[in-house]
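Below: one structure, written as structure tokens.
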Amino acid sequence: MDVTGWAAASAPGKIILFGEHAVVYGEPSLSLAIDRRVRVRAAPDAAATTVNGERLDRHRHAYLDTALRLHWGDGPLKMRTESEVPSASGLGSSAALSVATTGLLLRLGHRPSRPANVAQAAFEVEYETQGAASPNDTTASTAGGAVLLSPEREAAMEPLWQLSRGERSWFAHRVPPPSLSFVIANTGSRARTSEMVAKVRRFVDSDPRGKKILQEIGRVTRDGVDALRSGDAARLGGLMDRNHELLHVLGVDSPVLQKFVEAARKVPGTWGAKLTGAGGGGSLIVLTEKPAGVQRALAGLGADAFPVVPSLRGLEMQP
Ligand code: MEV
């Protein structure tokens, strides 16, 4: 805590390169932390817990409320949050908020607060708040860089940590981050992750193609790791396109996402494009050697498009 009594933490947003939704069913996923962050500060308060000067509201501040319920046993706190990650846009704003807040609460409560502890505890916050979640987003935000989450320990990869819930386990691995350019385009249409996860659940339970599509996403993800490690942008882009088609069949694409994906693919120098995150709106990512051209094409269609670079910075706490 600094002299004014405030402690602070920050954590990055993320993009999912491969494997969203399928990861909920035990397939691997590959994510990259991005250079946009969420910052949280907290200090003891004598009266009541407040967020940005207003009393904590368990609906409006759902992730903070869960984090406090699960990981805080002491008195009221005044909390301040700031975000560079647009909310409900598929870029991991709620995971980054959960990670930064959980890290801060564990540290202030003198509980184990190494990244492995925070990744597990922040996953519990997301799971409780959303009703269903994989540890993908909270793991990528805690670790920074490029992360493969897998149901198995991958012998050839650098291990990060193991996560669990009930009988299920996931293993997080560090993948060397690519030196590639991505453009993110936010459609501006917001979709709730919990609703999109429930939509996929209905599809998988009722359509015989469901399980095969999830398994194919798993194969695409593994091929994506190879392409990333060998720096093969053309192969990576082709796999992103394929992953997008599979997500389209699962029903999490949207007409505006599809329009933006098609427009991005037409720009010379684009290797691939796909929705990222839960879908239904939210954002797409474009792998391109001409970021300015893609940004112009998408901005012309009304998207909020910006270049991002993968960030090695995961959870950071001060002091
Ligand atoms: C959302 O960013 C990713 C999903 O796979 C949900 C999850 O993994 O919890 C759609």
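Here's how to read the names in the structure tokens: chain A, B, ... by the order shown, residue numbers from 1 in each chain, ligand numbers from 1 in the order shown.
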
Check your understanding: Once you count only C-alpha atoms and all ligand atoms, which residues end up within 6 Å of ligand 1, and could you hand them over as a ChimeraX atom specification?
Key -> /A:20-21,23-24,90,92,133-134,136-137,197,277-278

Check your understanding: Which residues come within 8 Å of Thr193 of chain A, counting only C-alpha atoms, excluding same-chain residues fewer than 5 positions away, as a PyMOL selection string?
Key -> chain A and resi 88+130+278-279

**Study point:** Test item: residues at most 10 Å from Gly224 of chain A, only C-alpha atoms, excluding those fewer than 5 positions along its chain, as a ChimeraX atom specification
**Key:** /A:17-19,29-30,218-219,229-230,232-233,235-240,243

Would you output that residue set with C-alpha atoms, as a PDB file, in the first residue's frame?
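Generated file (again-v4.pdb):
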```
ATOM      1  CA  LEU A  17      -6.529 -16.719 -31.621  1.00  0.00           C
ATOM      2  CA  PHE A  18      -8.089 -20.177 -31.625  1.00  0.00           C
ATOM      3  CA  GLY A  19     -10.457 -22.305 -29.596  1.00  0.00           C
ATOM      4  CA  SER A  29      -7.392 -22.736 -26.795  1.00  0.00           C
ATOM      5  CA  LEU A  30      -4.668 -20.278 -27.721  1.00  0.00           C
ATOM      6  CA  GLY A 218      -9.429 -28.408 -31.235  1.00  0.00           C
ATOM      7  CA  ARG A 219      -7.401 -29.675 -34.224  1.00  0.00           C
ATOM      8  CA  ARG A 229       5.853 -21.347 -33.404  1.00  0.00           C
ATOM      9  CA  SER A 230       7.184 -21.529 -36.961  1.00  0.00           C
ATOM     10  CA  ASP A 232       4.090 -19.059 -40.691  1.00  0.00           C
ATOM     11  CA  ALA A 233       1.650 -16.147 -41.048  1.00  0.00           C
ATOM     12  CA  ARG A 235      -0.846 -20.833 -42.495  1.00  0.00           C
ATOM     13  CA  LEU A 236      -1.914 -19.083 -39.303  1.00  0.00           C
ATOM     14  CA  GLY A 237      -4.287 -16.848 -41.269  1.00  0.00           C
ATOM     15  CA  GLY A 238      -5.792 -19.817 -43.143  1.00  0.00           C
ATOM     16  CA  LEU A 239      -6.425 -21.547 -39.817  1.00  0.00           C
ATOM     17  CA  MET A 240      -8.060 -18.395 -38.406  1.00  0.00           C
ATOM     18  CA  ASN A 243     -11.864 -21.431 -37.104  1.00  0.00           C
TER      19      ASN A 243
END
```

Check your understanding: Could you pull out the alpha helix (DSSP H) residues of segment 80-276 of chain A from DSSP and send them as an MDAnalysis selection string?
Key -> chainID A and resid 93:108 115:130 136:143 193:206 210:229 233:250 255:266

Exercise for review: Find the residues around segment 4-16 of chain A up to 8 Å (only C-alpha atoms counted), leave out those fewer than 5 positions away in its own chain, and share them as a PyMOL selection string.
Suggested key: chain A and resi 29-44+85+90-93+95-97+99-101+103-104+108+137+140-142+144+276-277+285+313-319

**Study point:** Selection: 12 Å around Asp65 of chain A, only C-alpha atoms, excl. self and same-chain fewer than 3 positions, as a list in words
**Key:**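 My list of contacting residues is Thr49, Thr50, Val51, Arg55, Leu56, Asp57, Arg58, His59, Arg60, His61, Ala62, Leu68, Arg69, Leu70, His71, Trp72, Pro76, Leu77, Met79, Leu97, Ser98, Thr101, Thr102, Leu105, Val125, Glu126, Glu128 and Thr129 of chain A.
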
Would you export the selected residues with N, CA and C atoms as a PDB file, in the first residue's frame, please?
```pdb
ATOM      1  N   THR A  49     -18.445  -0.254   1.235  1.00  0.00           N
ATOM      2  CA  THR A  49     -17.663  -0.517   0.024  1.00  0.00           C
ATOM      3  C   THR A  49     -18.236   0.287  -1.134  1.00  0.00           C
ATOM      4  N   THR A  50     -17.358   1.028  -1.792  1.00  0.00           N
ATOM      5  CA  THR A  50     -17.788   1.859  -2.925  1.00  0.00           C
ATOM      6  C   THR A  50     -16.933   1.538  -4.147  1.00  0.00           C
ATOM      7  N   VAL A  51     -17.517   1.785  -5.323  1.00  0.00           N
ATOM      8  CA  VAL A  51     -16.793   1.602  -6.587  1.00  0.00           C
ATOM      9  C   VAL A  51     -16.912   2.913  -7.350  1.00  0.00           C
ATOM     10  N   ARG A  55     -21.905   3.432  -4.149  1.00  0.00           N
ATOM     11  CA  ARG A  55     -22.014   2.220  -3.335  1.00  0.00           C
ATOM     12  C   ARG A  55     -21.981   0.979  -4.221  1.00  0.00           C
ATOM     13  N   LEU A  56     -21.279  -0.065  -3.794  1.00  0.00           N
ATOM     14  CA  LEU A  56     -21.197  -1.318  -4.563  1.00  0.00           C
ATOM     15  C   LEU A  56     -22.598  -1.840  -4.862  1.00  0.00           C
ATOM     16  N   ASP A  57     -22.858  -2.123  -6.144  1.00  0.00           N
ATOM     17  CA  ASP A  57     -24.161  -2.650  -6.551  1.00  0.00           C
ATOM     18  C   ASP A  57     -23.923  -4.046  -7.127  1.00  0.00           C
ATOM     19  N   ARG A  58     -24.581  -5.069  -6.574  1.00  0.00           N
ATOM     20  CA  ARG A  58     -24.188  -6.430  -6.977  1.00  0.00           C
ATOM     21  C   ARG A  58     -24.582  -6.764  -8.411  1.00  0.00           C
ATOM     22  N   HIS A  59     -25.467  -5.968  -9.032  1.00  0.00           N
ATOM     23  CA  HIS A  59     -25.785  -6.204 -10.449  1.00  0.00           C
ATOM     24  C   HIS A  59     -24.810  -5.454 -11.346  1.00  0.00           C
ATOM     25  N   ARG A  60     -24.638  -4.160 -11.038  1.00  0.00           N
ATOM     26  CA  ARG A  60     -23.769  -3.329 -11.889  1.00  0.00           C
ATOM     27  C   ARG A  60     -22.296  -3.672 -11.733  1.00  0.00           C
ATOM     28  N   HIS A  61     -21.924  -4.098 -10.526  1.00  0.00           N
ATOM     29  CA  HIS A  61     -20.515  -4.430 -10.259  1.00  0.00           C
ATOM     30  C   HIS A  61     -20.396  -5.920  -9.964  1.00  0.00           C
ATOM     31  N   ALA A  62     -20.989  -6.728 -10.857  1.00  0.00           N
ATOM     32  CA  ALA A  62     -21.141  -8.162 -10.553  1.00  0.00           C
ATOM     33  C   ALA A  62     -19.801  -8.858 -10.292  1.00  0.00           C
ATOM     34  N   LEU A  68     -15.211  -9.942  -4.105  1.00  0.00           N
ATOM     35  CA  LEU A  68     -15.208  -9.594  -2.678  1.00  0.00           C
ATOM     36  C   LEU A  68     -15.819 -10.730  -1.853  1.00  0.00           C
ATOM     37  N   ARG A  69     -16.897 -11.296  -2.358  1.00  0.00           N
ATOM     38  CA  ARG A  69     -17.577 -12.385  -1.636  1.00  0.00           C
ATOM     39  C   ARG A  69     -16.653 -13.605  -1.498  1.00  0.00           C
ATOM     40  N   LEU A  70     -15.938 -13.947  -2.589  1.00  0.00           N
ATOM     41  CA  LEU A  70     -15.120 -15.161  -2.559  1.00  0.00           C
ATOM     42  C   LEU A  70     -13.751 -14.949  -1.915  1.00  0.00           C
ATOM     43  N   HIS A  71     -13.205 -13.744  -2.063  1.00  0.00           N
ATOM     44  CA  HIS A  71     -11.784 -13.605  -1.718  1.00  0.00           C
ATOM     45  C   HIS A  71     -11.476 -12.460  -0.756  1.00  0.00           C
ATOM     46  N   TRP A  72     -12.495 -11.969  -0.054  1.00  0.00           N
ATOM     47  CA  TRP A  72     -12.232 -10.868   0.874  1.00  0.00           C
ATOM     48  C   TRP A  72     -13.004 -11.085   2.166  1.00  0.00           C
ATOM     49  N   PRO A  76     -14.980  -2.855   4.823  1.00  0.00           N
ATOM     50  CA  PRO A  76     -15.300  -2.145   3.586  1.00  0.00           C
ATOM     51  C   PRO A  76     -14.060  -1.572   2.890  1.00  0.00           C
ATOM     52  N   LEU A  77     -14.171  -1.474   1.577  1.00  0.00           N
ATOM     53  CA  LEU A  77     -13.081  -0.933   0.767  1.00  0.00           C
ATOM     54  C   LEU A  77     -13.635   0.156  -0.131  1.00  0.00           C
ATOM     55  N   MET A  79     -13.023   1.391  -3.849  1.00  0.00           N
ATOM     56  CA  MET A  79     -12.344   0.831  -5.015  1.00  0.00           C
ATOM     57  C   MET A  79     -12.485   1.788  -6.191  1.00  0.00           C
ATOM     58  N   LEU A  97     -10.645  -7.445 -15.318  1.00  0.00           N
ATOM     59  CA  LEU A  97     -11.150  -6.849 -14.067  1.00  0.00           C
ATOM     60  C   LEU A  97     -11.092  -7.884 -12.936  1.00  0.00           C
ATOM     61  N   SER A  98     -11.493  -9.117 -13.240  1.00  0.00           N
ATOM     62  CA  SER A  98     -11.480 -10.171 -12.208  1.00  0.00           C
ATOM     63  C   SER A  98     -10.059 -10.454 -11.753  1.00  0.00           C
ATOM     64  N   THR A 101      -8.604  -7.376  -9.745  1.00  0.00           N
ATOM     65  CA  THR A 101      -9.271  -7.257  -8.436  1.00  0.00           C
ATOM     66  C   THR A 101      -8.865  -8.404  -7.514  1.00  0.00           C
ATOM     67  N   THR A 102      -8.869  -9.623  -8.056  1.00  0.00           N
ATOM     68  CA  THR A 102      -8.547 -10.786  -7.225  1.00  0.00           C
ATOM     69  C   THR A 102      -7.105 -10.707  -6.737  1.00  0.00           C
ATOM     70  N   LEU A 105      -7.028  -8.225  -3.912  1.00  0.00           N
ATOM     71  CA  LEU A 105      -7.670  -8.678  -2.664  1.00  0.00           C
ATOM     72  C   LEU A 105      -6.819  -9.734  -1.968  1.00  0.00           C
ATOM     73  N   VAL A 125     -13.989 -16.483  -9.790  1.00  0.00           N
ATOM     74  CA  VAL A 125     -14.825 -15.275  -9.862  1.00  0.00           C
ATOM     75  C   VAL A 125     -15.614 -15.261 -11.170  1.00  0.00           C
ATOM     76  N   GLU A 126     -14.938 -15.536 -12.290  1.00  0.00           N
ATOM     77  CA  GLU A 126     -15.629 -15.535 -13.597  1.00  0.00           C
ATOM     78  C   GLU A 126     -16.700 -16.624 -13.630  1.00  0.00           C
ATOM     79  N   GLU A 128     -18.328 -18.126 -11.175  1.00  0.00           N
ATOM     80  CA  GLU A 128     -19.466 -17.819 -10.300  1.00  0.00           C
ATOM     81  C   GLU A 128     -20.342 -16.732 -10.912  1.00  0.00           C
ATOM     82  N   THR A 129     -19.712 -15.730 -11.524  1.00  0.00           N
ATOM     83  CA  THR A 129     -20.478 -14.587 -12.027  1.00  0.00           C
ATOM     84  C   THR A 129     -21.223 -14.954 -13.297  1.00  0.00           C
TER      85      THR A 129
END
```

Review point. Which residues come within 12 Å of Gly300 of chain A, counting only C-alpha atoms, excluding same-chain residues fewer than 6 positions away, as an NGL selection string?
Key: :A and (185 or 260 or 263-264 or 293-294)

Review point. If we count only C-alpha atoms, what is near Glu27 of chain A at a cut-off of 7 Å, once residues fewer than 6 positions away on the same chain are taken out, given as number ranges by chain?
Key: A: 150-151, 215, 218

Keeping only N, CA and C atoms, write those residues as a PDB file, in the first residue's frame.
```
ATOM      1  N   SER A 150      -4.806 -26.284 -22.186  1.00  0.00           N
ATOM      2  CA  SER A 150      -5.049 -27.609 -22.738  1.00  0.00           C
ATOM      3  C   SER A 150      -5.570 -28.523 -21.643  1.00  0.00           C
ATOM      4  N   PRO A 151      -6.384 -29.533 -22.020  1.00  0.00           N
ATOM      5  CA  PRO A 151      -6.836 -30.486 -20.981  1.00  0.00           C
ATOM      6  C   PRO A 151      -5.706 -31.420 -20.552  1.00  0.00           C
ATOM      7  N   GLN A 215     -14.493 -30.682 -31.897  1.00  0.00           N
ATOM      8  CA  GLN A 215     -13.218 -31.418 -32.043  1.00  0.00           C
ATOM      9  C   GLN A 215     -12.378 -30.827 -33.170  1.00  0.00           C
ATOM     10  N   GLY A 218     -10.599 -27.960 -32.007  1.00  0.00           N
ATOM     11  CA  GLY A 218      -9.429 -28.408 -31.235  1.00  0.00           C
ATOM     12  C   GLY A 218      -8.243 -28.713 -32.147  1.00  0.00           C
TER      13      GLY A 218
END
```

Check your understanding: For the atom pair atom CA of Gly53 of chain A and atom CA of Pro86 of chain A, what is the interatomic distance in Å to one decimal place?
Key ->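 Between atom CA of Gly53 of chain A and atom CA of Pro86 of chain A the gap is 20.8 Å.
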